[in-house]
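Listing of run-v8.txt, compact mmCIF, C-alpha atoms and all ligand atoms
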# COMPACT_ATOMS: atom_id res chain seq x y z
CA MET A 186 -37.01 54.77 4.82
CA ARG A 187 -39.63 55.32 2.12
CA ALA A 188 -42.79 53.28 1.53
CA ASP A 189 -46.48 53.67 0.68
CA VAL A 190 -47.55 51.58 3.63
CA VAL A 191 -45.61 51.05 6.88
CA ILE A 192 -46.45 48.07 9.06
CA ILE A 193 -45.17 47.64 12.60
CA GLY A 194 -44.91 43.93 13.38
CA SER A 195 -44.67 40.83 11.21
CA GLY A 196 -47.21 38.63 13.01
CA ILE A 197 -50.45 37.53 11.41
CA SER A 198 -51.93 41.05 11.40
CA GLY A 199 -48.89 42.65 9.82
CA ALA A 200 -48.30 39.83 7.34
CA VAL A 201 -51.90 39.83 6.06
CA LEU A 202 -51.84 43.58 5.45
CA ALA A 203 -48.43 43.38 3.79
CA GLU A 204 -49.56 40.53 1.56
CA ARG A 205 -52.75 42.37 0.55
CA TYR A 206 -51.17 45.78 -0.03
CA SER A 207 -48.19 44.38 -1.93
CA LYS A 208 -50.51 42.59 -4.32
CA ALA A 209 -52.51 45.78 -4.74
CA GLY A 210 -49.32 47.41 -6.04
CA LYS A 211 -48.21 49.30 -2.91
CA LYS A 212 -44.64 49.43 -1.62
CA VAL A 213 -44.74 47.99 1.88
CA LEU A 214 -42.18 48.37 4.65
CA ILE A 215 -42.43 46.06 7.67
CA LEU A 216 -40.52 46.92 10.83
CA GLU A 217 -40.09 44.02 13.22
CA LYS A 218 -38.24 44.39 16.49
CA ARG A 219 -37.54 40.67 16.91
CA ASP A 220 -34.94 38.80 14.87
CA HIS A 221 -37.58 36.78 13.02
CA ILE A 222 -40.91 37.12 11.24
CA GLY A 223 -44.18 35.44 12.29
CA GLY A 224 -44.92 37.16 15.61
CA ASN A 225 -46.01 34.71 18.25
CA CYS A 226 -46.66 32.00 15.66
CA TYR A 227 -42.93 31.65 14.88
CA ASP A 228 -41.63 28.07 14.82
CA TYR A 229 -38.27 26.46 13.96
CA ILE A 230 -36.45 23.13 13.94
CA ASP A 231 -34.62 22.68 17.24
CA GLU A 232 -31.41 20.79 18.13
CA ASN A 233 -33.34 17.49 18.28
CA GLY A 234 -34.65 17.98 14.74
CA ILE A 235 -38.15 18.70 16.05
CA LEU A 236 -40.39 21.54 14.83
CA VAL A 237 -41.14 23.60 17.93
CA SER A 238 -43.00 26.85 18.49
CA LYS A 239 -40.94 29.52 20.23
CA TYR A 240 -43.98 31.13 21.87
CA GLY A 241 -46.13 28.16 22.86
CA ALA A 242 -48.13 25.59 20.92
CA HIS A 243 -50.25 27.05 18.12
CA LEU A 244 -53.28 25.03 17.10
CA PHE A 245 -55.21 26.36 14.17
CA HIS A 246 -58.99 26.13 14.40
CA THR A 247 -61.75 28.14 12.76
CA ASP A 248 -65.35 28.14 11.72
CA MET A 249 -64.69 30.87 9.16
CA LYS A 250 -64.55 29.41 5.69
CA GLU A 251 -62.98 32.52 4.16
CA VAL A 252 -60.13 32.41 6.68
CA TRP A 253 -59.61 28.68 6.05
CA GLU A 254 -59.49 29.32 2.29
CA TYR A 255 -57.09 32.23 2.75
CA VAL A 256 -54.57 30.28 4.87
CA ASN A 257 -54.69 27.41 2.38
CA ARG A 258 -53.13 29.69 -0.23
CA PHE A 259 -49.86 29.64 1.67
CA SER A 260 -49.47 26.05 2.86
CA ASP A 261 -50.73 22.51 2.78
CA TRP A 262 -52.32 21.56 6.09
CA TYR A 263 -52.87 18.23 7.81
CA PRO A 264 -55.91 17.55 9.96
CA TRP A 265 -55.21 17.90 13.68
CA GLU A 266 -57.98 17.71 16.24
CA HIS A 267 -56.25 18.93 19.34
CA LYS A 268 -56.73 17.11 22.63
CA VAL A 269 -55.51 18.17 26.05
CA LEU A 270 -55.10 16.07 29.17
CA ALA A 271 -54.85 17.44 32.68
CA LYS A 272 -52.98 15.86 35.56
CA VAL A 273 -55.40 15.89 38.48
CA ASP A 274 -55.07 13.73 41.62
CA ASP A 275 -52.27 11.83 39.82
CA GLN A 276 -54.56 10.85 36.97
CA LEU A 277 -54.65 12.10 33.39
CA VAL A 278 -58.13 13.31 32.54
CA PRO A 279 -59.51 15.01 29.41
CA ILE A 280 -60.19 18.73 29.38
CA PRO A 281 -62.49 20.52 28.74
CA VAL A 282 -64.49 18.62 31.33
CA ASN A 283 -66.62 15.90 29.73
CA ILE A 284 -68.25 12.63 30.80
CA ASN A 285 -64.90 10.79 30.94
CA THR A 286 -63.32 13.50 33.13
CA VAL A 287 -66.04 13.19 35.72
CA ASN A 288 -66.10 9.36 35.57
CA LYS A 289 -62.36 9.13 36.09
CA LEU A 290 -62.13 11.69 38.88
CA PHE A 291 -65.13 10.49 40.86
CA GLY A 292 -65.15 6.77 39.95
CA LEU A 293 -68.53 7.07 38.24
CA THR A 294 -70.05 5.26 35.24
CA ILE A 295 -72.01 8.06 33.56
CA SER A 296 -72.77 6.95 30.02
CA THR A 297 -75.41 9.28 28.60
CA GLU A 298 -75.84 12.99 28.10
CA GLU A 299 -78.92 12.94 30.35
CA GLU A 300 -76.91 11.42 33.21
CA MET A 301 -74.15 14.01 32.76
CA ILE A 302 -76.65 16.88 32.81
CA GLU A 303 -78.16 15.36 35.93
CA TRP A 304 -74.70 15.14 37.56
CA LEU A 305 -73.96 18.76 36.70
CA GLU A 306 -77.34 19.88 38.01
CA LYS A 307 -76.63 18.11 41.31
CA ASN A 308 -73.14 19.52 41.64
CA ARG A 309 -73.27 23.02 40.20
CA LEU A 310 -74.18 26.11 42.20
CA PRO A 311 -76.61 28.00 39.98
CA ILE A 312 -75.79 31.71 39.97
CA LYS A 313 -77.82 34.13 37.91
CA ASP A 314 -75.60 36.53 35.92
CA PRO A 315 -72.20 35.49 37.34
CA LYS A 316 -70.25 38.62 38.30
CA ASN A 317 -66.76 37.16 38.14
CA GLY A 318 -64.77 34.09 37.05
CA LYS A 319 -65.41 32.17 40.25
CA GLU A 320 -69.17 32.58 40.00
CA ALA A 321 -69.02 31.61 36.32
CA VAL A 322 -67.26 28.30 37.13
CA LEU A 323 -69.40 27.51 40.18
CA ASP A 324 -72.44 28.07 38.02
CA LYS A 325 -71.13 25.63 35.42
CA VAL A 326 -69.53 22.80 37.40
CA GLY A 327 -69.80 23.47 41.15
CA PRO A 328 -67.22 23.76 43.95
CA VAL A 329 -65.40 20.39 43.70
CA LEU A 330 -64.30 20.70 40.09
CA TYR A 331 -63.72 24.41 40.68
CA GLU A 332 -61.14 23.56 43.34
CA LYS A 333 -59.50 20.69 41.46
CA MET A 334 -59.32 22.17 37.97
CA PHE A 335 -59.95 25.92 37.91
CA ARG A 336 -58.93 27.76 41.07
CA HIS A 337 -55.17 27.18 41.17
CA TYR A 338 -54.77 26.99 37.41
CA THR A 339 -56.32 30.44 37.12
CA LYS A 340 -54.02 31.76 39.85
CA LYS A 341 -50.98 30.33 38.04
CA GLN A 342 -52.14 31.63 34.68
CA TRP A 343 -53.25 35.12 35.75
CA ASP A 344 -51.72 35.61 39.18
CA LYS A 345 -55.28 36.30 40.16
CA TYR A 346 -57.95 34.04 41.64
CA PRO A 347 -61.06 33.58 39.50
CA GLU A 348 -63.04 36.01 41.66
CA GLU A 349 -60.65 38.77 40.57
CA LEU A 350 -61.33 38.23 36.86
CA ASN A 351 -64.23 39.03 34.57
CA ALA A 352 -66.76 36.22 34.24
CA SER A 353 -66.06 36.18 30.49
CA VAL A 354 -62.49 34.89 30.98
CA LEU A 355 -63.65 31.62 32.53
CA ASN A 356 -66.95 31.49 30.70
CA ARG A 357 -64.98 30.84 27.52
CA ILE A 358 -64.02 27.38 28.83
CA PRO A 359 -66.62 24.89 27.67
CA VAL A 360 -68.06 22.03 29.73
CA ARG A 361 -69.26 19.10 27.66
CA THR A 362 -72.16 16.81 28.46
CA ASN A 363 -70.90 14.13 26.03
CA THR A 364 -67.58 12.34 25.51
CA ASP A 365 -66.22 14.77 22.90
CA ASP A 366 -62.60 15.17 24.02
CA ARG A 367 -61.51 17.62 21.32
CA TYR A 368 -60.20 20.86 22.75
CA PHE A 369 -61.91 22.89 20.03
CA SER A 370 -65.15 22.20 18.24
CA ASP A 371 -64.60 24.35 15.12
CA ARG A 372 -65.27 23.01 11.63
CA PHE A 373 -61.70 23.42 10.38
CA GLN A 374 -58.88 22.18 12.61
CA ALA A 375 -55.42 21.62 11.18
CA LEU A 376 -51.70 22.29 11.38
CA PRO A 377 -49.49 23.61 8.57
CA LYS A 378 -47.46 20.81 7.00
CA HIS A 379 -44.15 22.65 7.19
CA GLY A 380 -44.88 24.93 10.14
CA TYR A 381 -46.10 28.50 10.51
CA THR A 382 -42.86 30.33 9.71
CA LYS A 383 -42.97 28.95 6.14
CA ILE A 384 -46.43 30.47 5.75
CA PHE A 385 -45.10 33.89 6.71
CA GLU A 386 -42.15 33.50 4.36
CA LYS A 387 -44.58 32.81 1.53
CA MET A 388 -46.92 35.66 2.44
CA LEU A 389 -44.06 38.15 2.54
CA ASP A 390 -42.26 36.89 -0.55
CA HIS A 391 -43.14 39.74 -2.90
CA PRO A 392 -40.93 42.36 -4.60
CA ASN A 393 -43.08 45.14 -3.10
CA ILE A 394 -42.34 44.05 0.47
CA THR A 395 -39.26 44.99 2.49
CA VAL A 396 -38.87 43.51 5.97
CA LYS A 397 -36.47 45.07 8.46
CA LEU A 398 -35.83 42.76 11.40
CA ASN A 399 -34.27 43.85 14.71
CA THR A 400 -35.85 47.25 14.14
CA ASP A 401 -38.00 48.84 16.81
CA TYR A 402 -40.44 51.33 15.31
CA PHE A 403 -39.88 53.78 18.15
CA ASP A 404 -36.16 53.95 17.34
CA VAL A 405 -36.70 54.84 13.67
CA MET A 406 -40.09 56.57 13.55
CA ASP A 407 -38.53 59.92 12.60
CA LYS A 408 -36.85 58.38 9.55
CA LEU A 409 -40.06 57.10 7.93
CA ILE A 410 -41.20 59.13 4.95
CA GLY A 411 -43.72 59.12 2.14
CA TYR A 412 -46.25 56.72 3.61
CA THR A 413 -49.99 57.27 3.55
CA LYS A 414 -50.95 54.59 6.06
CA LEU A 415 -49.25 53.10 9.11
CA PHE A 416 -50.47 49.88 10.72
CA TYR A 417 -49.37 49.32 14.30
CA THR A 418 -49.67 45.80 15.77
CA GLY A 419 -47.73 46.28 19.03
CA PRO A 420 -49.07 47.08 22.52
CA ILE A 421 -51.37 50.11 22.43
CA ASP A 422 -50.03 51.61 25.70
CA ARG A 423 -46.48 51.64 24.31
CA PHE A 424 -47.63 53.66 21.27
CA PHE A 425 -48.86 56.42 23.55
CA GLU A 426 -45.80 56.22 25.80
CA PHE A 427 -47.88 54.71 28.63
CA LYS A 428 -49.43 58.14 29.28
CA HIS A 429 -52.68 56.74 30.71
CA SER A 430 -51.02 54.10 32.85
CA LEU A 431 -48.27 55.88 34.73
CA GLU A 432 -49.86 55.01 38.08
CA ASP A 433 -51.93 51.98 37.17
CA LYS A 434 -50.28 49.88 34.47
CA LEU A 435 -52.25 48.23 31.69
CA GLU A 436 -51.55 44.63 32.67
CA TYR A 437 -50.39 41.78 30.46
CA ARG A 438 -49.31 38.27 31.35
CA SER A 439 -46.23 36.74 29.86
CA ILE A 440 -44.86 33.18 29.73
CA ASN A 441 -41.44 31.84 30.54
CA PHE A 442 -40.86 28.87 28.21
CA VAL A 443 -38.35 26.40 29.66
CA SER A 444 -37.21 23.83 27.15
CA GLU A 445 -35.59 20.46 28.00
CA THR A 446 -34.27 17.60 25.95
CA VAL A 447 -35.39 14.22 27.26
CA ASP A 448 -33.33 11.21 26.21
CA SER A 449 -36.21 8.89 25.43
CA GLU A 450 -38.66 8.42 22.60
CA PHE A 451 -41.55 10.19 24.34
CA PHE A 452 -42.00 11.97 27.67
CA GLN A 453 -45.79 12.02 27.91
CA SER A 454 -48.69 10.33 26.14
CA ASN A 455 -50.15 13.53 24.69
CA SER A 456 -48.89 16.72 23.02
CA VAL A 457 -50.16 18.90 25.85
CA VAL A 458 -50.62 18.01 29.52
CA ASN A 459 -51.97 20.73 31.81
CA TYR A 460 -51.13 20.90 35.51
CA PRO A 461 -54.03 22.68 37.20
CA GLY A 462 -52.88 21.95 40.77
CA ARG A 463 -50.60 23.82 43.16
CA GLU A 464 -48.01 21.02 43.36
CA VAL A 465 -46.00 22.48 40.45
CA ASP A 466 -45.52 26.08 39.33
CA PHE A 467 -45.82 25.51 35.59
CA THR A 468 -49.21 25.47 33.87
CA ARG A 469 -48.52 22.87 31.21
CA ILE A 470 -45.94 20.74 29.44
CA VAL A 471 -45.91 20.69 25.65
CA GLU A 472 -44.19 17.83 23.83
CA TYR A 473 -43.87 19.03 20.24
CA LYS A 474 -42.89 15.67 18.76
CA HIS A 475 -46.53 14.56 18.90
CA PHE A 476 -47.57 17.23 16.37
CA GLY A 477 -47.38 15.69 12.93
CA LYS A 478 -45.92 12.47 14.40
CA GLN A 479 -42.35 13.75 14.13
CA LYS A 480 -39.44 11.33 14.30
CA SER A 481 -36.35 11.84 16.47
CA GLU A 482 -34.29 9.71 18.86
CA LYS A 483 -34.85 12.20 21.67
CA THR A 484 -37.74 14.46 22.51
CA THR A 485 -38.17 18.12 23.45
CA ILE A 486 -40.51 19.22 26.19
CA VAL A 487 -41.36 22.79 27.12
CA LYS A 488 -42.65 23.77 30.55
CA GLU A 489 -44.68 26.99 30.59
CA TYR A 490 -44.52 29.29 33.60
CA THR A 491 -46.82 32.30 33.41
CA THR A 492 -45.21 35.50 34.72
CA ASP A 493 -45.58 39.27 34.78
CA GLU A 494 -42.14 39.89 33.31
CA GLY A 495 -41.33 39.52 29.61
CA ASP A 496 -43.14 39.98 26.32
CA PRO A 497 -46.81 40.90 26.67
CA TYR A 498 -48.95 37.92 25.62
CA TYR A 499 -52.28 37.99 27.38
CA PRO A 500 -54.26 41.12 28.23
CA VAL A 501 -55.67 40.85 31.77
CA LEU A 502 -59.33 41.56 31.25
CA ASN A 503 -60.74 43.15 34.36
CA GLU A 504 -62.60 46.40 34.87
CA LYS A 505 -59.56 48.42 35.85
CA ASN A 506 -57.61 47.43 32.73
CA LEU A 507 -60.59 47.84 30.42
CA ALA A 508 -61.08 51.37 31.74
CA ILE A 509 -57.42 52.22 31.04
CA TYR A 510 -57.65 50.60 27.61
CA GLN A 511 -60.70 52.69 26.79
CA LYS A 512 -58.68 55.87 27.26
CA TYR A 513 -56.06 54.60 24.80
CA GLN A 514 -58.78 53.54 22.39
CA GLU A 515 -60.25 57.05 22.40
CA GLU A 516 -56.77 58.42 21.78
CA ALA A 517 -56.15 55.94 18.96
CA ALA A 518 -59.34 56.99 17.18
CA LYS A 519 -57.92 60.54 16.88
CA VAL A 520 -54.59 59.61 15.27
CA LYS A 521 -54.74 60.25 11.54
CA ASP A 522 -53.66 57.54 9.08
CA VAL A 523 -52.56 55.16 11.85
CA TYR A 524 -54.49 51.92 12.29
CA PHE A 525 -54.27 49.79 15.42
CA VAL A 526 -54.50 46.14 14.42
CA GLY A 527 -54.19 42.77 16.13
CA ARG A 528 -54.13 41.28 19.56
CA LEU A 529 -51.98 43.76 21.45
CA ALA A 530 -53.11 46.94 19.75
CA ASN A 531 -56.72 46.01 20.50
CA TYR A 532 -55.98 44.65 24.00
CA LYS A 533 -58.08 41.59 23.15
CA TYR A 534 -57.72 37.83 22.91
CA PHE A 535 -57.42 36.97 19.27
CA ASN A 536 -57.02 33.40 18.21
CA MET A 537 -55.11 33.09 14.96
CA ASP A 538 -58.25 32.91 12.85
CA GLN A 539 -59.62 36.09 14.45
CA ALA A 540 -56.32 37.85 13.77
CA PHE A 541 -56.50 36.79 10.10
CA LYS A 542 -60.13 37.86 9.83
CA ASN A 543 -59.58 41.16 11.58
CA ALA A 544 -56.72 42.16 9.27
CA LEU A 545 -58.51 40.96 6.12
CA ASP A 546 -61.63 42.91 7.10
CA LEU A 547 -59.60 46.04 7.80
CA PHE A 548 -57.97 45.87 4.38
CA HIS A 549 -61.34 45.34 2.79
CA SER A 550 -62.94 48.24 4.65
CA LEU A 551 -60.09 50.61 3.75
CA GLU A 552 -59.55 49.61 0.15
CA GLY A 553 -63.01 48.27 -0.72
CA ASP A 554 -61.21 45.79 -2.89
CA SER A 555 -62.70 42.38 -3.37
CA ASP A 556 -60.25 39.54 -3.59
CA ALA A 557 -61.28 38.92 -7.18
CA ASN A 558 -60.37 42.35 -8.53
CA LEU A 559 -57.25 42.43 -6.37
CA GLU A 560 -56.01 39.31 -8.13
CA GLU A 561 -56.88 40.89 -11.49
CA LYS A 562 -54.51 43.75 -10.75
CA LEU A 563 -51.59 41.34 -10.51
P1 LIG A 601 -48.26 39.13 17.27
O1 LIG A 601 -48.00 39.42 18.72
O2 LIG A 601 -48.11 37.74 16.79
O3 LIG A 601 -47.33 40.06 16.39
C1 LIG A 601 -46.98 41.38 16.74
C2 LIG A 601 -45.57 41.64 16.24
O4 LIG A 601 -45.29 43.03 16.39
C3 LIG A 601 -44.50 40.88 17.01
O5 LIG A 601 -43.69 40.15 16.12
C4 LIG A 601 -43.73 41.98 17.73
O6 LIG A 601 -42.35 41.66 17.87
C5 LIG A 601 -43.93 43.16 16.78
N1 LIG A 601 -43.77 44.46 17.44
C6 LIG A 601 -44.40 44.89 18.57
N2 LIG A 601 -43.98 46.14 18.87
C7 LIG A 601 -43.07 46.50 17.91
C8 LIG A 601 -42.29 47.68 17.71
N3 LIG A 601 -42.32 48.72 18.55
N4 LIG A 601 -41.48 47.71 16.63
C9 LIG A 601 -41.39 46.66 15.77
N5 LIG A 601 -42.12 45.51 15.94
C10 LIG A 601 -42.95 45.43 17.00
N6 LIG A 601 -54.02 31.21 18.64
C11 LIG A 601 -54.66 30.12 18.14
O7 LIG A 601 -55.55 30.26 17.28
N7 LIG A 601 -54.33 28.87 18.58
C12 LIG A 601 -53.37 28.65 19.52
O8 LIG A 601 -53.10 27.51 19.89
C13 LIG A 601 -52.69 29.79 20.06
N8 LIG A 601 -51.71 29.63 20.98
C14 LIG A 601 -51.10 30.74 21.53
C15 LIG A 601 -50.16 30.57 22.55
C16 LIG A 601 -49.55 31.70 23.12
C17 LIG A 601 -48.55 31.50 24.23
C18 LIG A 601 -49.88 32.99 22.68
C19 LIG A 601 -49.24 34.20 23.29
C20 LIG A 601 -50.81 33.16 21.66
C21 LIG A 601 -51.44 32.03 21.09
N9 LIG A 601 -52.37 32.17 20.06
C22 LIG A 601 -53.04 31.07 19.58
C23 LIG A 601 -52.72 33.51 19.53
C24 LIG A 601 -51.87 33.92 18.35
O9 LIG A 601 -50.51 33.92 18.70
C25 LIG A 601 -52.33 35.32 17.92
O10 LIG A 601 -53.64 35.26 17.43
C26 LIG A 601 -51.49 35.96 16.84
O11 LIG A 601 -50.12 35.84 17.12
C27 LIG A 601 -51.88 37.41 16.71
O12 LIG A 601 -51.09 38.01 15.72
P2 LIG A 601 -50.75 39.55 15.80
O13 LIG A 601 -50.12 39.87 14.49
O14 LIG A 601 -51.94 40.33 16.20
O15 LIG A 601 -49.71 39.70 17.02
Starting from the file, give its structure as structure tokens.
Amino acid sequence: MRADVVIIGSGISGAVLAERYSKAGKKVLILEKRDHIGGNCYDYIDENGILVSKYGAHLFHTDMKEVWEYVNRFSDWYPWEHKVLAKVDDQLVPIPVNINTVNKLFGLTISTEEEMIEWLEKNRLPIKDPKNGKEAVLDKVGPVLYEKMFRHYTKKQWDKYPEELNASVLNRIPVRTNTDDRYFSDRFQALPKHGYTKIFEKMLDHPNITVKLNTDYFDVMDKLIGYTKLFYTGPIDRFFEFKHSLEDKLEYRSINFVSETVDSEFFQSNSVVNYPGREVDFTRIVEYKHFGKQKSEKTTIVKEYTTDEGDPYYPVLNEKNLAIYQKYQEEAAKVKDVYFVGRLANYKYFNMDQAFKNALDLFHSLEGDSDANLEEKL
């Protein structure tokens, strides 16, 4: 298998690099172990005629104009400001926590930002420099909301209670002092008109690009010849044959997606309903029909159960894992002509926009090519 550039993985990171290098005149070979392109963004039309995401709902949001402009080259997008409801005490309340969440749960009539700040001040447990996730939440919202909305959800999501996680994991969750019920507050929020897979098809549609599906890099690595750069977007510990984690594994969380057809027009009033309590084992139910107001006689719902088994999705960011990761990172820095790109190779949370940005920046730093003169080469 001969190519100038070899890319392991056809998710966002791999697709961006393939798209850039192909247009710069390089022969690109992508190896993808799954039977489809798109990585975790892959979506398809299911048996009910509904566009569903195989690996969980993917909502695009970014504040980065250059990323927004880049993704617009490959698709039309429709505006979608994502909202999430949570089922708490048998009521549906908005999350992240805002004025309406607190009013509904505690039967209050808070109407101004000042009153909400006052409520938070009365209820939170101020902790200077929270040391873990529990302290971070107590500092933000206090013990009652911690118990109702954060404690069990975190256990279901991470199989760890908040006190076992870095403060940063729960600090990322905003608490609003107004009635803004959007899940994200970024400037650009949208969904691709025809789904994400079509974007990948367009990005990879170039005579310089060859994609080999159902091909695990580790099965064919000895057959690769002629390349000057290899980009690896899989789990970093796998690349080094788990050598630093034989006793203590680098941990990831996975999700078991259980799909059901429901014989009615809609199952729930919102695309995503989270279940933060202990009464059910799943973390959320996604009803894909809501996205883009799709039409179908039936509806598809997907229950998400977070597990340890299965594909690695979420790095578990605690001190033990970060210490193991650091050893791999040091190792990675020594490998010549191999670049570790993306969410799993960096053992980091990347939203889609960060994955796009990261790969675009890497190309730019390696090739020093501005987009303008790249296009001129075409
Ligand atoms: P990604 O994991 O997508 O791709 C890596 C590819 O490499 C995979 O296709 C894999 O099969 C392949 N591979 C690995 N090892 C290989 C090997 N040995 N040989 C060959 N191929 C190999 N973001 C966001 O902005 N909004 C959202 O709503 C969500 N929602 C969301 C839900 C869930 C459940 C997850 C897991 C993630 C999200 N994301 C998200 C994040 C988003 O999925 C993420 O940013 C991108 O998928 C990252 O793209 P990468 O290319 O880095 O990895």
- In Å to one decimal, how far is atom CA of Phe335 of chain A from atom CA of Asp228 of chain A?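 So the answer is 29.6 Å.
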- Ile222 of chain A environment, 12 Å, all atoms listed in the file, sequence neighbours closer than 2 positions dropped, as a PyMOL selection string: chain A and resi 193-200+215-220+224-229+239+381-390+395-400
File of the preceding selection, C-alpha atoms, as a PDB file, in the frame of the given file:
ATOM      1  CA  ILE A 193     -45.170  47.640  12.600  1.00  0.00           C
ATOM      2  CA  GLY A 194     -44.910  43.930  13.380  1.00  0.00           C
ATOM      3  CA  SER A 195     -44.670  40.830  11.210  1.00  0.00           C
ATOM      4  CA  GLY A 196     -47.210  38.630  13.010  1.00  0.00           C
ATOM      5  CA  ILE A 197     -50.450  37.530  11.410  1.00  0.00           C
ATOM      6  CA  SER A 198     -51.930  41.050  11.400  1.00  0.00           C
ATOM      7  CA  GLY A 199     -48.890  42.650   9.820  1.00  0.00           C
ATOM      8  CA  ALA A 200     -48.300  39.830   7.340  1.00  0.00           C
ATOM      9  CA  ILE A 215     -42.430  46.060   7.670  1.00  0.00           C
ATOM     10  CA  LEU A 216     -40.520  46.920  10.830  1.00  0.00           C
ATOM     11  CA  GLU A 217     -40.090  44.020  13.220  1.00  0.00           C
ATOM     12  CA  LYS A 218     -38.240  44.390  16.490  1.00  0.00           C
ATOM     13  CA  ARG A 219     -37.540  40.670  16.910  1.00  0.00           C
ATOM     14  CA  ASP A 220     -34.940  38.800  14.870  1.00  0.00           C
ATOM     15  CA  GLY A 224     -44.920  37.160  15.610  1.00  0.00           C
ATOM     16  CA  ASN A 225     -46.010  34.710  18.250  1.00  0.00           C
ATOM     17  CA  CYS A 226     -46.660  32.000  15.660  1.00  0.00           C
ATOM     18  CA  TYR A 227     -42.930  31.650  14.880  1.00  0.00           C
ATOM     19  CA  ASP A 228     -41.630  28.070  14.820  1.00  0.00           C
ATOM     20  CA  TYR A 229     -38.270  26.460  13.960  1.00  0.00           C
ATOM     21  CA  LYS A 239     -40.940  29.520  20.230  1.00  0.00           C
ATOM     22  CA  TYR A 381     -46.100  28.500  10.510  1.00  0.00           C
ATOM     23  CA  THR A 382     -42.860  30.330   9.710  1.00  0.00           C
ATOM     24  CA  LYS A 383     -42.970  28.950   6.140  1.00  0.00           C
ATOM     25  CA  ILE A 384     -46.430  30.470   5.750  1.00  0.00           C
ATOM     26  CA  PHE A 385     -45.100  33.890   6.710  1.00  0.00           C
ATOM     27  CA  GLU A 386     -42.150  33.500   4.360  1.00  0.00           C
ATOM     28  CA  LYS A 387     -44.580  32.810   1.530  1.00  0.00           C
ATOM     29  CA  MET A 388     -46.920  35.660   2.440  1.00  0.00           C
ATOM     30  CA  LEU A 389     -44.060  38.150   2.540  1.00  0.00           C
ATOM     31  CA  ASP A 390     -42.260  36.890  -0.550  1.00  0.00           C
ATOM     32  CA  THR A 395     -39.260  44.990   2.490  1.00  0.00           C
ATOM     33  CA  VAL A 396     -38.870  43.510   5.970  1.00  0.00           C
ATOM     34  CA  LYS A 397     -36.470  45.070   8.460  1.00  0.00           C
ATOM     35  CA  LEU A 398     -35.830  42.760  11.400  1.00  0.00           C
ATOM     36  CA  ASN A 399     -34.270  43.850  14.710  1.00  0.00           C
ATOM     37  CA  THR A 400     -35.850  47.250  14.140  1.00  0.00           C
TER      38      THR A 400
END
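The closest residue to Pro311 of chain A, picked from A:Pro328, A:Pro461, A:Gly223, A:Gly411 and counting only C-alpha atoms, is A:Pro328.
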Return the padded bounding box of ligand LIG 601 (chain A) as lines of an AutoDock Vina configuration file: axis-aligned, built from all atoms listed in the file, 8 Å added on each side, with centre and edge lengths in Å to one decimal.
center_x = -48.5
center_y = 38.1
center_z = 19.4
size_x = 30.2
size_y = 37.2
size_z = 25.7
Can you tell me which residues surround segment 490-501 of chain A at a distance of at most 6 Å, considering only C-alpha atoms, apart from same-chain residues fewer than 2 positions away, and format the answer as a PDB file with C-alpha atoms, in the frame of the given file?
ATOM      1  CA  GLN A 342     -52.140  31.630  34.680  1.00  0.00           C
ATOM      2  CA  GLU A 436     -51.550  44.630  32.670  1.00  0.00           C
ATOM      3  CA  TYR A 437     -50.390  41.780  30.460  1.00  0.00           C
ATOM      4  CA  ARG A 438     -49.310  38.270  31.350  1.00  0.00           C
ATOM      5  CA  SER A 439     -46.230  36.740  29.860  1.00  0.00           C
ATOM      6  CA  ILE A 440     -44.860  33.180  29.730  1.00  0.00           C
ATOM      7  CA  ASN A 441     -41.440  31.840  30.540  1.00  0.00           C
ATOM      8  CA  PHE A 467     -45.820  25.510  35.590  1.00  0.00           C
ATOM      9  CA  TYR A 532     -55.980  44.650  24.000  1.00  0.00           C
TER      10      TYR A 532
END
- Using all atoms listed in the file: which of A:Pro377, A:Tyr510, A:Asn257, A:Ala188 has the shortest distance to Arg423 of chain A: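 Of the candidates, the smallest distance to Arg423 of chain A is held by A:Tyr510.
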- Query: So how many Å separate atom CA of Glu472 of chain A and atom O10 of ligand LIG 601 (chain A), to one decimal?
  - Reply: 20.8 Å
- Task: Compare A:Arg336, A:His243, A:Lys408, A:Lys521 by their minimum atom-to-atom distance to ligand LIG 601 (chain A), counting all atoms listed in the file, and give me the closest one.
- Result: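 Of A:Arg336, A:His243, A:Lys408, A:Lys521, the one nearest ligand LIG 601 (chain A), counting all atoms listed in the file, is A:His243.
Take the candidates A:Asn536, A:Ser481, A:Ser353, A:Thr339 and check each one against ligand LIG 601 (chain A) using all atoms listed in the file; the shortest distance goes to A:Asn536.
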- Within 9 Å of Asp422 of chain A, counting only C-alpha atoms, which residues qualify if same-chain residues fewer than 6 places away don't, as an MDAnalysis selection string? chainID A and resid 428:430 434:435 510 513 530
Write a file of the selected residues as a PDB file, keeping the file's coordinate frame, keeping C-alpha atoms.
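Generated file (result07.pdb):
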ATOM      1  CA  LYS A 428     -49.430  58.140  29.280  1.00  0.00           C
ATOM      2  CA  HIS A 429     -52.680  56.740  30.710  1.00  0.00           C
ATOM      3  CA  SER A 430     -51.020  54.100  32.850  1.00  0.00           C
ATOM      4  CA  LYS A 434     -50.280  49.880  34.470  1.00  0.00           C
ATOM      5  CA  LEU A 435     -52.250  48.230  31.690  1.00  0.00           C
ATOM      6  CA  TYR A 510     -57.650  50.600  27.610  1.00  0.00           C
ATOM      7  CA  TYR A 513     -56.060  54.600  24.800  1.00  0.00           C
ATOM      8  CA  ALA A 530     -53.110  46.940  19.750  1.00  0.00           C
TER       9      ALA A 530
END
- Expected residue set, 8 Å radius at (-63.5, 36.4, 40.6), only C-alpha atoms, as a PyMOL selection string: chain A and resi 316-320+346-352
